[in-house]
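Peer 1: The structure file input.txt (compact mmCIF, C-alpha atoms) is provided below.
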# COMPACT_ATOMS: atom_id res chain seq x y z
CA MET A 1 -30.81 66.76 -42.21
CA LYS A 2 -29.40 70.08 -43.44
CA VAL A 3 -25.61 70.21 -43.97
CA LEU A 4 -23.54 73.39 -44.25
CA PHE A 5 -20.69 72.31 -46.51
CA ILE A 6 -17.37 74.15 -46.13
CA GLU A 7 -16.37 74.31 -49.78
CA TRP A 8 -12.74 74.75 -50.77
CA GLU A 9 -10.71 73.28 -53.64
CA SER A 10 -10.47 69.77 -52.25
CA PHE A 11 -10.65 66.40 -53.95
CA GLY A 12 -14.00 64.70 -53.65
CA ASN A 13 -16.19 67.79 -53.22
CA GLY A 14 -18.73 66.65 -55.79
CA ASP A 15 -18.64 63.06 -54.57
CA ILE A 16 -19.41 63.83 -50.93
CA LYS A 17 -22.07 66.41 -51.80
CA ASP A 18 -23.77 63.86 -54.06
CA ALA A 19 -23.56 61.28 -51.28
CA PHE A 20 -25.22 63.60 -48.76
CA THR A 21 -28.00 64.36 -51.25
CA GLU A 22 -28.51 60.73 -52.27
CA GLU A 23 -28.81 59.81 -48.58
CA GLY A 24 -31.63 62.31 -48.19
CA HIS A 25 -29.79 65.30 -46.74
CA SER A 26 -29.81 68.86 -48.08
CA VAL A 27 -26.52 70.69 -48.70
CA ILE A 28 -25.79 74.42 -48.46
CA CYS A 29 -22.30 75.55 -49.48
CA PHE A 30 -20.15 78.02 -47.56
CA PRO A 31 -17.18 79.26 -49.70
CA PHE A 32 -13.83 78.87 -47.96
CA THR A 33 -10.22 79.44 -48.98
CA LEU A 34 -6.95 78.05 -47.66
CA GLU A 35 -5.30 81.38 -48.37
CA GLY A 36 -6.86 82.87 -45.22
CA LYS A 37 -6.03 82.34 -41.56
CA LEU A 38 -7.07 78.79 -40.75
CA ARG A 39 -6.75 79.08 -36.97
CA HIS A 40 -8.27 82.49 -36.21
CA ASP A 41 -9.90 84.87 -38.68
CA PRO A 42 -12.49 87.37 -37.35
CA GLU A 43 -13.94 88.00 -40.81
CA VAL A 44 -14.46 84.32 -41.62
CA GLU A 45 -15.82 83.67 -38.13
CA ALA A 46 -18.37 86.48 -38.49
CA GLN A 47 -19.45 85.29 -41.94
CA LEU A 48 -19.82 81.70 -40.76
CA SER A 49 -21.85 82.76 -37.73
CA LEU A 50 -24.20 84.72 -39.97
CA ALA A 51 -24.56 81.71 -42.32
CA LEU A 52 -25.37 79.42 -39.40
CA HIS A 53 -28.09 81.74 -38.13
CA ARG A 54 -29.47 82.34 -41.62
CA GLU A 55 -29.48 78.74 -42.86
CA GLY A 56 -30.07 76.86 -39.61
CA PRO A 57 -28.09 73.70 -40.54
CA HIS A 58 -27.99 70.65 -38.32
CA ILE A 59 -24.27 70.01 -38.95
CA VAL A 60 -21.24 71.65 -40.54
CA PHE A 61 -18.98 69.46 -42.70
CA SER A 62 -15.53 69.93 -44.23
CA PHE A 63 -12.82 67.86 -45.82
CA ASN A 64 -9.82 68.32 -43.50
CA TYR A 65 -10.02 69.98 -40.12
CA PHE A 66 -9.96 73.76 -39.60
CA PRO A 67 -9.69 75.30 -36.12
CA VAL A 68 -11.37 78.52 -37.29
CA ILE A 69 -14.49 76.51 -38.23
CA SER A 70 -14.46 74.56 -34.98
CA LYS A 71 -14.26 77.78 -32.92
CA VAL A 72 -17.47 79.10 -34.48
CA CYS A 73 -19.30 75.78 -34.21
CA GLN A 74 -18.33 75.48 -30.54
CA LYS A 75 -19.60 78.98 -29.86
CA GLU A 76 -22.86 78.40 -31.77
CA GLY A 77 -23.44 74.93 -30.32
CA ILE A 78 -23.54 73.06 -33.64
CA ARG A 79 -21.86 69.78 -34.55
CA TYR A 80 -18.75 70.07 -36.76
CA ILE A 81 -17.87 66.95 -38.79
CA SER A 82 -14.51 66.95 -40.56
CA TRP A 83 -12.94 64.16 -42.59
CA VAL A 84 -9.16 64.45 -42.91
CA TYR A 85 -7.55 63.04 -46.05
CA ASP A 86 -4.29 65.00 -45.97
CA SER A 87 -1.18 63.69 -44.28
CA PRO A 88 0.46 65.32 -42.48
CA CYS A 89 -2.26 67.62 -41.08
CA VAL A 90 -0.70 69.92 -38.48
CA LEU A 91 -4.06 71.60 -37.80
CA LEU A 92 -5.14 68.45 -35.96
CA TYR A 93 -2.70 69.34 -33.20
CA SER A 94 -4.58 72.54 -32.35
CA TYR A 95 -6.09 72.83 -28.88
CA THR A 96 -9.44 73.33 -30.65
CA THR A 97 -9.43 69.61 -31.48
CA LEU A 98 -10.73 69.13 -27.94
CA ASN A 99 -13.88 71.18 -28.65
CA SER A 100 -16.98 69.17 -27.81
CA CYS A 101 -18.62 70.17 -31.12
CA ASN A 102 -16.02 68.18 -33.08
CA CYS A 103 -16.44 64.84 -34.75
CA ILE A 104 -13.13 64.45 -36.60
CA TYR A 105 -12.44 61.47 -38.85
CA VAL A 106 -8.91 60.50 -39.88
CA PHE A 107 -8.16 57.88 -42.54
CA ASP A 108 -5.13 56.48 -40.71
CA ARG A 109 -5.83 54.03 -37.88
CA GLU A 110 -2.40 54.47 -36.31
CA LEU A 111 -2.90 58.25 -36.23
CA TYR A 112 -6.33 57.74 -34.66
CA GLN A 113 -4.75 55.48 -32.05
CA GLU A 114 -2.24 58.20 -31.20
CA PHE A 115 -5.08 60.61 -30.35
CA HIS A 116 -7.11 57.93 -28.61
CA ASP A 117 -4.19 56.93 -26.40
CA GLY A 118 -3.84 60.59 -25.48
CA GLY A 119 -7.39 60.62 -24.16
CA ILE A 120 -8.83 62.68 -27.03
CA GLN A 121 -12.37 61.50 -27.71
CA THR A 122 -13.22 63.82 -30.63
CA VAL A 123 -11.03 61.97 -33.18
CA HIS A 124 -12.30 58.80 -34.88
CA TYR A 125 -11.06 56.43 -37.56
CA MET A 126 -12.77 56.29 -40.96
CA PRO A 127 -11.12 55.05 -44.19
CA LEU A 128 -11.47 57.07 -47.36
CA ALA A 129 -13.79 56.04 -50.20
CA ALA A 130 -14.58 56.20 -53.92
CA ASN A 131 -17.65 57.14 -55.93
CA THR A 132 -17.89 53.99 -58.02
CA ARG A 133 -21.10 55.15 -59.70
CA ARG A 134 -19.37 58.24 -61.12
CA LEU A 135 -16.23 56.31 -62.00
CA ASP A 136 -18.19 53.57 -63.77
CA GLU A 137 -20.10 56.13 -65.80
CA LYS A 138 -16.87 57.88 -66.74
CA ASN A 139 -15.26 54.64 -67.90
CA ALA A 140 -18.32 52.98 -69.46
CA ALA A 141 -17.13 53.41 -73.04
CA LEU A 142 -13.53 52.31 -72.51
CA GLY A 143 -14.08 48.59 -72.86
CA ASP A 144 -11.24 46.25 -71.93
CA SER A 145 -8.32 47.93 -73.69
CA PHE A 146 -5.12 49.23 -72.09
CA LEU A 147 -3.05 52.26 -73.05
CA TYR A 148 -0.37 51.94 -70.38
CA ASP A 149 1.67 49.13 -68.85
CA VAL A 150 2.71 50.68 -65.53
CA SER A 151 1.38 54.06 -64.39
CA PHE A 152 1.89 56.36 -61.45
CA VAL A 153 -0.27 59.42 -60.73
CA GLY A 154 1.08 61.71 -58.03
CA SER A 155 3.69 64.21 -56.91
CA LEU A 156 7.42 63.51 -56.98
CA TYR A 157 7.96 66.21 -54.34
CA VAL A 158 10.77 67.73 -56.39
CA GLU A 159 8.66 70.56 -57.74
CA ARG A 160 6.75 71.66 -54.64
CA TRP A 161 7.32 71.69 -50.87
CA ASN A 162 10.99 70.78 -51.26
CA TYR A 163 12.20 72.19 -47.95
CA PHE A 164 14.81 69.51 -47.35
CA ASP A 165 17.40 70.87 -49.79
CA LYS A 166 17.13 74.34 -48.25
CA MET A 167 17.68 72.87 -44.80
CA ALA A 168 20.44 70.48 -45.83
CA ALA A 169 22.52 73.28 -47.36
CA GLY A 170 23.03 74.77 -43.90
CA LEU A 171 23.63 71.60 -41.89
CA PRO A 172 27.01 70.66 -40.42
CA ASP A 173 28.54 67.43 -41.69
CA TYR A 174 27.57 65.36 -38.63
CA ALA A 175 23.88 66.33 -38.77
CA ARG A 176 23.72 65.77 -42.53
CA GLY A 177 25.37 62.36 -42.16
CA TYR A 178 22.98 61.45 -39.35
CA LEU A 179 19.96 62.35 -41.51
CA ASP A 180 21.31 60.49 -44.53
CA ALA A 181 21.83 57.32 -42.48
CA LEU A 182 18.42 57.64 -40.86
CA MET A 183 16.70 58.07 -44.23
CA VAL A 184 18.55 55.14 -45.79
CA ALA A 185 17.48 52.94 -42.86
CA GLN A 186 13.86 54.13 -43.13
CA SER A 187 13.81 53.52 -46.89
CA LYS A 188 14.36 49.81 -46.22
CA VAL A 189 11.37 49.51 -43.86
CA GLN A 190 7.71 49.49 -44.89
CA GLY A 191 4.82 49.86 -42.45
CA VAL A 192 6.71 51.61 -39.63
CA ASN A 193 8.06 55.16 -39.67
CA PHE A 194 10.66 56.03 -37.05
CA ILE A 195 11.98 59.35 -38.42
CA GLN A 196 10.23 61.61 -35.89
CA ASP A 197 11.23 59.47 -32.91
CA LEU A 198 14.95 59.65 -33.76
CA LEU A 199 15.45 63.34 -34.58
CA ASN A 200 16.26 64.60 -31.07
CA PRO A 201 20.09 64.26 -31.38
CA VAL A 202 20.17 66.76 -34.29
CA MET A 203 17.13 68.97 -33.59
CA GLY A 204 19.26 71.96 -32.66
CA GLU A 205 21.16 71.80 -35.96
CA LEU A 206 17.96 71.32 -37.98
CA TYR A 207 16.34 74.35 -36.37
CA GLN A 208 19.42 76.52 -36.86
CA ALA A 209 19.67 75.59 -40.55
CA PHE A 210 15.95 75.92 -41.28
CA PRO A 211 13.89 77.53 -38.48
CA MET A 212 10.32 76.26 -38.18
CA GLU A 213 8.12 77.47 -35.33
CA THR A 214 5.29 75.65 -33.60
CA ASN A 215 1.85 77.27 -33.58
CA GLU A 216 0.34 79.32 -30.76
CA ASP A 217 -2.67 77.03 -30.38
CA GLY A 218 -0.81 73.83 -31.17
CA ILE A 219 0.74 71.01 -29.16
CA GLU A 220 2.85 69.50 -31.93
CA PRO A 221 6.56 69.05 -31.10
CA LYS A 222 9.20 70.55 -33.37
CA GLU A 223 10.23 67.04 -34.39
CA TYR A 224 6.79 66.66 -36.00
CA PHE A 225 7.40 69.52 -38.45
CA TYR A 226 10.85 68.40 -39.50
CA ALA A 227 9.90 64.72 -39.81
CA GLN A 228 6.58 65.10 -41.60
CA TYR A 229 6.93 68.26 -43.68
CA VAL A 230 10.63 68.10 -44.56
CA ILE A 231 12.30 64.72 -44.19
CA ASN A 232 9.47 62.31 -45.03
CA ARG A 233 8.66 64.29 -48.17
CA LYS A 234 12.27 64.10 -49.30
CA LEU A 235 12.35 60.39 -48.51
CA THR A 236 9.16 59.92 -50.54
CA ALA A 237 10.77 61.78 -53.45
CA TRP A 238 13.79 59.48 -53.32
CA GLU A 239 11.60 56.41 -53.15
CA ARG A 240 9.18 57.34 -55.91
CA ILE A 241 11.91 58.34 -58.34
CA ASP A 242 13.96 55.22 -57.60
CA LEU A 243 11.01 52.84 -57.97
CA LEU A 244 9.78 54.47 -61.17
CA MET A 245 13.21 54.44 -62.77
CA SER A 246 13.79 50.83 -61.67
CA ALA A 247 10.52 49.71 -63.25
CA ALA A 248 11.35 51.63 -66.43
CA ARG A 249 14.45 49.50 -66.96
CA ASN A 250 12.19 46.53 -67.68
CA CYS A 251 8.93 47.96 -69.05
CA LYS A 252 7.26 51.14 -70.22
CA VAL A 253 6.25 53.52 -67.42
CA ASP A 254 3.80 56.41 -67.71
CA LEU A 255 3.98 59.20 -65.15
CA PHE A 256 1.34 61.84 -64.42
CA THR A 257 2.77 64.54 -62.14
CA TYR A 258 3.00 68.30 -61.62
CA ASP A 259 6.56 68.75 -62.87
CA GLN A 260 6.77 67.82 -66.53
CA SER A 261 10.52 68.46 -66.57
CA PHE A 262 11.33 65.12 -64.91
CA GLN A 263 12.51 62.67 -67.58
CA ALA A 264 14.02 59.17 -67.59
CA PRO A 265 14.65 56.48 -70.21
CA ASN A 266 11.52 54.46 -71.09
CA LEU A 267 9.39 56.77 -68.93
CA GLN A 268 6.87 59.17 -70.42
CA ASN A 269 5.93 62.16 -68.30
CA HIS A 270 2.47 63.40 -69.26
CA GLY A 271 2.28 66.23 -66.72
CA LYS A 272 -0.58 66.77 -64.30
CA ALA A 273 -3.80 64.76 -64.75
CA ASP A 274 -7.20 66.23 -63.86
CA TYR A 275 -8.73 64.43 -60.88
CA ARG A 276 -12.29 64.05 -62.14
CA GLU A 277 -11.85 63.92 -65.92
CA GLU A 278 -8.57 62.15 -66.61
CA MET A 279 -7.54 60.08 -63.60
CA PRO A 280 -10.41 57.54 -63.75
CA GLN A 281 -9.54 56.69 -67.35
CA ILE A 282 -5.82 56.46 -66.61
CA PHE A 283 -6.50 54.05 -63.75
CA ARG A 284 -8.85 51.94 -65.87
CA GLN A 285 -6.54 51.83 -68.91
CA SER A 286 -3.35 50.96 -67.02
CA LYS A 287 -2.36 47.34 -66.64
CA ILE A 288 -0.70 48.17 -63.33
CA ASN A 289 -1.36 51.27 -61.20
CA LEU A 290 1.23 52.08 -58.54
CA ASN A 291 0.58 53.47 -55.09
CA ILE A 292 3.80 54.64 -53.43
CA SER A 293 2.50 56.22 -50.23
CA LEU A 294 3.76 59.46 -48.79
CA ARG A 295 5.96 58.41 -45.87
CA SER A 296 4.07 60.61 -43.39
CA ILE A 297 1.03 58.31 -43.77
CA LYS A 298 1.42 55.93 -40.86
CA SER A 299 -0.93 53.04 -41.72
CA GLY A 300 -3.76 54.53 -43.79
CA ILE A 301 -4.98 53.81 -47.31
CA PRO A 302 -4.45 56.90 -49.50
CA LEU A 303 -7.29 58.30 -51.60
CA ARG A 304 -5.36 57.32 -54.74
CA ALA A 305 -5.75 53.64 -53.86
CA PHE A 306 -9.53 53.86 -53.48
CA ASP A 307 -9.79 55.77 -56.76
CA ILE A 308 -7.71 53.15 -58.57
CA MET A 309 -9.78 50.22 -57.33
CA GLY A 310 -13.04 52.15 -57.70
CA SER A 311 -12.14 52.82 -61.34
CA GLY A 312 -11.63 49.11 -61.99
CA GLY A 313 -7.86 49.42 -62.15
CA PHE A 314 -5.30 46.94 -60.86
CA LEU A 315 -3.52 48.31 -57.79
CA LEU A 316 0.04 47.49 -56.72
CA SER A 317 0.79 49.26 -53.43
CA ASN A 318 3.48 49.46 -50.80
CA TYR A 319 2.48 47.84 -47.50
CA GLN A 320 0.07 49.88 -45.36
CA ALA A 321 -1.46 48.05 -42.39
CA ASP A 322 -4.99 49.42 -42.90
CA PHE A 323 -5.28 47.65 -46.26
CA LEU A 324 -5.46 44.33 -44.47
CA GLU A 325 -8.57 45.37 -42.55
CA LEU A 326 -10.57 46.01 -45.73
CA PHE A 327 -8.97 44.13 -48.61
CA VAL A 328 -7.15 40.88 -49.34
CA PRO A 329 -3.73 40.95 -51.06
CA GLY A 330 -3.68 38.80 -54.18
CA GLU A 331 -7.49 38.93 -54.33
CA ASP A 332 -8.48 42.62 -54.36
CA PHE A 333 -5.10 44.30 -54.92
CA GLU A 334 -1.41 43.47 -54.65
CA VAL A 335 1.18 44.62 -52.16
CA TYR A 336 4.98 44.78 -52.04
CA GLY A 337 7.26 44.96 -49.05
CA SER A 338 10.57 45.62 -50.77
CA LYS A 339 11.99 46.95 -54.03
CA GLU A 340 12.80 43.41 -55.13
CA GLU A 341 9.23 42.23 -54.53
CA TYR A 342 7.91 45.34 -56.30
CA LEU A 343 9.88 44.52 -59.46
CA GLN A 344 8.96 40.83 -59.29
CA LYS A 345 5.25 41.58 -59.05
CA ILE A 346 5.32 44.07 -61.90
CA ASP A 347 6.94 41.43 -64.09
CA TYR A 348 4.52 38.72 -62.93
CA TYR A 349 1.31 40.65 -63.43
CA LEU A 350 2.29 42.06 -66.81
CA ARG A 351 2.62 38.42 -67.93
CA HIS A 352 -0.54 37.11 -66.21
CA GLU A 353 -3.33 39.19 -67.69
CA GLU A 354 -6.37 37.16 -66.65
CA GLU A 355 -5.24 36.94 -63.04
CA ARG A 356 -4.56 40.68 -63.05
CA LYS A 357 -8.00 41.47 -64.50
CA ALA A 358 -9.73 39.25 -61.94
CA ILE A 359 -8.00 41.04 -59.07
CA ALA A 360 -8.98 44.43 -60.52
CA ARG A 361 -12.63 43.32 -60.76
CA ASN A 362 -12.61 42.04 -57.19
CA GLY A 363 -11.13 45.28 -55.91
CA HIS A 364 -13.72 47.36 -57.76
CA ASP A 365 -16.62 45.23 -56.55
CA LYS A 366 -15.46 45.32 -52.94
CA VAL A 367 -15.17 49.12 -53.01
CA ALA A 368 -18.62 49.39 -54.62
CA ALA A 369 -20.14 47.05 -52.03
CA GLY A 370 -18.82 48.74 -48.91
CA HIS A 371 -16.50 51.69 -49.41
CA THR A 372 -18.30 54.42 -51.34
CA PHE A 373 -18.98 57.96 -50.16
CA ARG A 374 -22.58 56.97 -49.47
CA HIS A 375 -21.38 54.24 -47.12
CA ARG A 376 -19.20 56.77 -45.30
CA VAL A 377 -22.03 59.31 -44.99
CA ARG A 378 -24.18 56.62 -43.35
CA GLU A 379 -21.37 55.76 -40.95
CA MET A 380 -20.94 59.43 -40.02
CA MET A 381 -24.63 59.90 -39.38
CA ASP A 382 -24.89 56.66 -37.40
CA LEU A 383 -22.07 57.75 -35.10
CA LEU A 384 -23.63 61.18 -34.80
CA GLY A 385 -26.85 59.56 -33.63
CA ASP A 386 -24.97 57.63 -30.96
CA ARG A 387 -23.49 60.73 -29.37
Show me this structure written as structure tokens.

Peer 2:
Amino acid sequence: MKVLFIEWESFGNGDIKDAFTEEGHSVICFPFTLEGKLRHDPEVEAQLSLALHREGPHIVFSFNYFPVISKVCQKEGIRYISWVYDSPCVLLYSYTTLNSCNCIYVFDRELYQEFHDGGIQTVHYMPLAANTRRLDEKNAALGDSFLYDVSFVGSLYVERWNYFDKMAAGLPDYARGYLDALMVAQSKVQGVNFIQDLLNPVMGELYQAFPMETNEDGIEPKEYFYAQYVINRKLTAWERIDLLMSAARNCKVDLFTYDQSFQAPNLQNHGKADYREEMPQIFRQSKINLNISLRSIKSGIPLRAFDIMGSGGFLLSNYQADFLELFVPGEDFEVYGSKEEYLQKIDYYLRHEEERKAIARNGHDKVAAGHTFRHRVREMMDLLGDR
């Protein structure tokens, strides 16, 4: 099968292209940029139409969903497969999601259920994956040594997309107090996010302090923007900083993030790590790798978690319901449900090396056996054949 690959600067480009090729499909790349208009762009639409007629692909594929791509595929009568790994992804709430050409995969089962319950048949659930072959080759020479005790790779949301502080500066005292109480309550609960459902009493004040408009072709409520793009990111920033600093009181913590200015006692900030070259080795050479999920992820397993396990690293994650469908806590990875449990498990697994190594091996082997990009390509093509 011939695949027209919408190529932008996304994680996993090389991995999914290799998977398509290894499964016997041919891949032609169509350059794409997120700097353009993602909903309607006459120039991009004309270029894509020309590419479809010239190349004659059987399907179009992209990481994340783009209405502008769906519009062309619907017009040209060609299947558009998209695999969403970002959360939140406001483009999913475009009316174009209903286009019959679409086969949209989301990595979050609860998000899938939301669309399914709304009668939308073009959205499906598919977990993310790892390229264990590439990761194993990258880490082949590392042996069994460790450079780091506890590591976290990811954004602190203090250096980018920090809309909350801009909004909060203009809020009246009641609205600010309401948000603070709501966020404190949410910070104590794992596995359920109620921020969006409880914003209605202060929506007028939020909009007045920081106006955010819904999109012309979208059906997302205003609460969605403020919950997912503003408040949950701030809550994630609070949580990540608090958990990292708490762990650093008892052991050495290594942080790999965009903003190298963040500093704390017993924590070394290395700055940003390259996804393909550096991250696999960090995951493999860390005794404990942390996953502290972005709060807008409802139940899904983030890409970071698959990369950690696929690299042979030990994963300690906050509770996400989808983990329990694919992996076993205490056997393939470890999970915490509270700050106290998080600190207890860090202490326990730093002192129990053989148990920790066995769990890391199990996690790696389970990803390799059933959760690689090649497995996902087969699942996509099997579903495509059923439609």

Peer 1: Set the distance at 10 Å and use all atoms listed in the file: which residues neighbour A:Ser155 once local chain neighbours fewer than 4 positions away are removed? I'd like the list as a list in words.

Peer 2: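 Listing them by chain and then by number gives Glu159, Arg160, Thr236, Ala237, Arg240, Leu255, Phe256, Thr257, Tyr258, Asp259, Lys272 and Leu294 of chain A.
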
Peer 1: Return the single residue from A:Leu324, A:Met279, A:Cys103, A:Leu156 that is closest to A:Ser261, with distances computed using only C-alpha atoms.

Peer 2: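 With only C-alpha atoms as the atom set, the closest residue is A:Leu156.
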
Peer 1: Which is closer to A:Leu235 than all the others in A:Asn291, A:Ser296, A:Ser100, A:Ser62, using all atoms listed in the file?

Peer 2: A:Ser296

Peer 1: Just to confirm, what's the straight-line distance from atom CA of A:Ile231 to atom CA of A:Phe164 in Å (one decimal)?

Peer 2: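 That distance, rounded to one decimal, is 6.3 Å.
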
Peer 1: Residues around (12.1, 52.5, -40.2), cut-off 12 Å, counting all atoms listed in the file - what are they as a list in words?

Peer 2: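 All residues meeting the 12 Å criterion around (12.1, 52.5, -40.2) are Ala181, Leu182, Met183, Val184, Ala185, Gln186, Ser187, Lys188, Val189, Gln190, Gly191, Val192, Asn193, Phe194, Ile195, Gln196, Asp197, Leu198, Asn232, Leu235, Arg295, Ser296 and Lys298 of chain A.
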
Peer 1: For each of A:Gly370, A:Pro201, A:Gly143, A:Pro302, take the minimum atom-to-atom distance to A:Leu326, counting all atoms listed in the file, then give the residue where this is smallest.

Peer 2: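 Once distances to A:Leu326 are computed over all atoms listed in the file, the minimum belongs to A:Gly370.
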
Peer 1: Can you complete the atoms of stretch 22-46 of chain A to N, CA and C atoms and list them as a PDB file, in the frame of the given file?

Peer 2:
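out.pdb, freshly written:
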ATOM      1  N   GLU A  22     -27.931  62.037 -51.977  1.00  0.00           N
ATOM      2  CA  GLU A  22     -28.510  60.730 -52.270  1.00  0.00           C
ATOM      3  C   GLU A  22     -28.972  60.019 -50.997  1.00  0.00           C
ATOM      4  N   GLU A  23     -28.381  60.389 -49.865  1.00  0.00           N
ATOM      5  CA  GLU A  23     -28.810  59.810 -48.580  1.00  0.00           C
ATOM      6  C   GLU A  23     -29.931  60.611 -47.932  1.00  0.00           C
ATOM      7  N   GLY A  24     -30.461  61.592 -48.664  1.00  0.00           N
ATOM      8  CA  GLY A  24     -31.630  62.310 -48.190  1.00  0.00           C
ATOM      9  C   GLY A  24     -31.365  63.592 -47.421  1.00  0.00           C
ATOM     10  N   HIS A  25     -30.124  64.078 -47.447  1.00  0.00           N
ATOM     11  CA  HIS A  25     -29.790  65.300 -46.740  1.00  0.00           C
ATOM     12  C   HIS A  25     -29.716  66.475 -47.719  1.00  0.00           C
ATOM     13  N   SER A  26     -29.949  67.676 -47.238  1.00  0.00           N
ATOM     14  CA  SER A  26     -29.810  68.860 -48.080  1.00  0.00           C
ATOM     15  C   SER A  26     -28.472  69.537 -47.777  1.00  0.00           C
ATOM     16  N   VAL A  27     -27.868  70.129 -48.816  1.00  0.00           N
ATOM     17  CA  VAL A  27     -26.520  70.690 -48.700  1.00  0.00           C
ATOM     18  C   VAL A  27     -26.533  72.163 -49.071  1.00  0.00           C
ATOM     19  N   ILE A  28     -26.001  73.004 -48.178  1.00  0.00           N
ATOM     20  CA  ILE A  28     -25.790  74.420 -48.460  1.00  0.00           C
ATOM     21  C   ILE A  28     -24.297  74.674 -48.396  1.00  0.00           C
ATOM     22  N   CYS A  29     -23.746  75.348 -49.403  1.00  0.00           N
ATOM     23  CA  CYS A  29     -22.300  75.550 -49.480  1.00  0.00           C
ATOM     24  C   CYS A  29     -21.874  76.871 -48.862  1.00  0.00           C
ATOM     25  N   PHE A  30     -20.771  76.831 -48.131  1.00  0.00           N
ATOM     26  CA  PHE A  30     -20.150  78.020 -47.560  1.00  0.00           C
ATOM     27  C   PHE A  30     -18.748  78.136 -48.168  1.00  0.00           C
ATOM     28  N   PRO A  31     -18.500  79.125 -49.054  1.00  0.00           N
ATOM     29  CA  PRO A  31     -17.180  79.260 -49.700  1.00  0.00           C
ATOM     30  C   PRO A  31     -16.074  79.499 -48.690  1.00  0.00           C
ATOM     31  N   PHE A  32     -14.947  78.810 -48.900  1.00  0.00           N
ATOM     32  CA  PHE A  32     -13.830  78.870 -47.960  1.00  0.00           C
ATOM     33  C   PHE A  32     -12.542  78.811 -48.759  1.00  0.00           C
ATOM     34  N   THR A  33     -11.504  79.471 -48.279  1.00  0.00           N
ATOM     35  CA  THR A  33     -10.220  79.440 -48.980  1.00  0.00           C
ATOM     36  C   THR A  33      -9.098  79.118 -48.014  1.00  0.00           C
ATOM     37  N   LEU A  34      -8.107  78.380 -48.484  1.00  0.00           N
ATOM     38  CA  LEU A  34      -6.950  78.050 -47.660  1.00  0.00           C
ATOM     39  C   LEU A  34      -5.939  79.189 -47.615  1.00  0.00           C
ATOM     40  N   GLU A  35      -6.202  80.242 -48.360  1.00  0.00           N
ATOM     41  CA  GLU A  35      -5.300  81.380 -48.370  1.00  0.00           C
ATOM     42  C   GLU A  35      -5.486  82.263 -47.126  1.00  0.00           C
ATOM     43  N   GLY A  36      -6.596  82.074 -46.416  1.00  0.00           N
ATOM     44  CA  GLY A  36      -6.860  82.870 -45.220  1.00  0.00           C
ATOM     45  C   GLY A  36      -6.198  82.293 -43.990  1.00  0.00           C
ATOM     46  N   LYS A  37      -6.562  82.816 -42.828  1.00  0.00           N
ATOM     47  CA  LYS A  37      -6.030  82.340 -41.560  1.00  0.00           C
ATOM     48  C   LYS A  37      -6.903  81.172 -41.098  1.00  0.00           C
ATOM     49  N   LEU A  38      -6.306  80.001 -41.000  1.00  0.00           N
ATOM     50  CA  LEU A  38      -7.070  78.790 -40.750  1.00  0.00           C
ATOM     51  C   LEU A  38      -7.296  78.520 -39.265  1.00  0.00           C
ATOM     52  N   ARG A  39      -6.610  79.284 -38.406  1.00  0.00           N
ATOM     53  CA  ARG A  39      -6.750  79.080 -36.970  1.00  0.00           C
ATOM     54  C   ARG A  39      -7.637  80.156 -36.324  1.00  0.00           C
ATOM     55  N   HIS A  40      -7.488  81.384 -36.785  1.00  0.00           N
ATOM     56  CA  HIS A  40      -8.270  82.490 -36.210  1.00  0.00           C
ATOM     57  C   HIS A  40      -8.409  83.575 -37.269  1.00  0.00           C
ATOM     58  N   ASP A  41      -9.638  83.866 -37.658  1.00  0.00           N
ATOM     59  CA  ASP A  41      -9.900  84.870 -38.680  1.00  0.00           C
ATOM     60  C   ASP A  41     -11.246  85.532 -38.366  1.00  0.00           C
ATOM     61  N   PRO A  42     -11.236  86.719 -37.754  1.00  0.00           N
ATOM     62  CA  PRO A  42     -12.490  87.370 -37.350  1.00  0.00           C
ATOM     63  C   PRO A  42     -13.495  87.531 -38.484  1.00  0.00           C
ATOM     64  N   GLU A  43     -13.018  87.809 -39.688  1.00  0.00           N
ATOM     65  CA  GLU A  43     -13.940  88.000 -40.810  1.00  0.00           C
ATOM     66  C   GLU A  43     -14.640  86.698 -41.182  1.00  0.00           C
ATOM     67  N   VAL A  44     -13.870  85.624 -41.297  1.00  0.00           N
ATOM     68  CA  VAL A  44     -14.460  84.320 -41.620  1.00  0.00           C
ATOM     69  C   VAL A  44     -15.389  83.879 -40.499  1.00  0.00           C
ATOM     70  N   GLU A  45     -14.992  84.082 -39.266  1.00  0.00           N
ATOM     71  CA  GLU A  45     -15.820  83.670 -38.130  1.00  0.00           C
ATOM     72  C   GLU A  45     -17.154  84.410 -38.130  1.00  0.00           C
ATOM     73  N   ALA A  46     -17.120  85.708 -38.456  1.00  0.00           N
ATOM     74  CA  ALA A  46     -18.370  86.480 -38.490  1.00  0.00           C
ATOM     75  C   ALA A  46     -19.267  86.012 -39.628  1.00  0.00           C
TER      76      ALA A  46
END
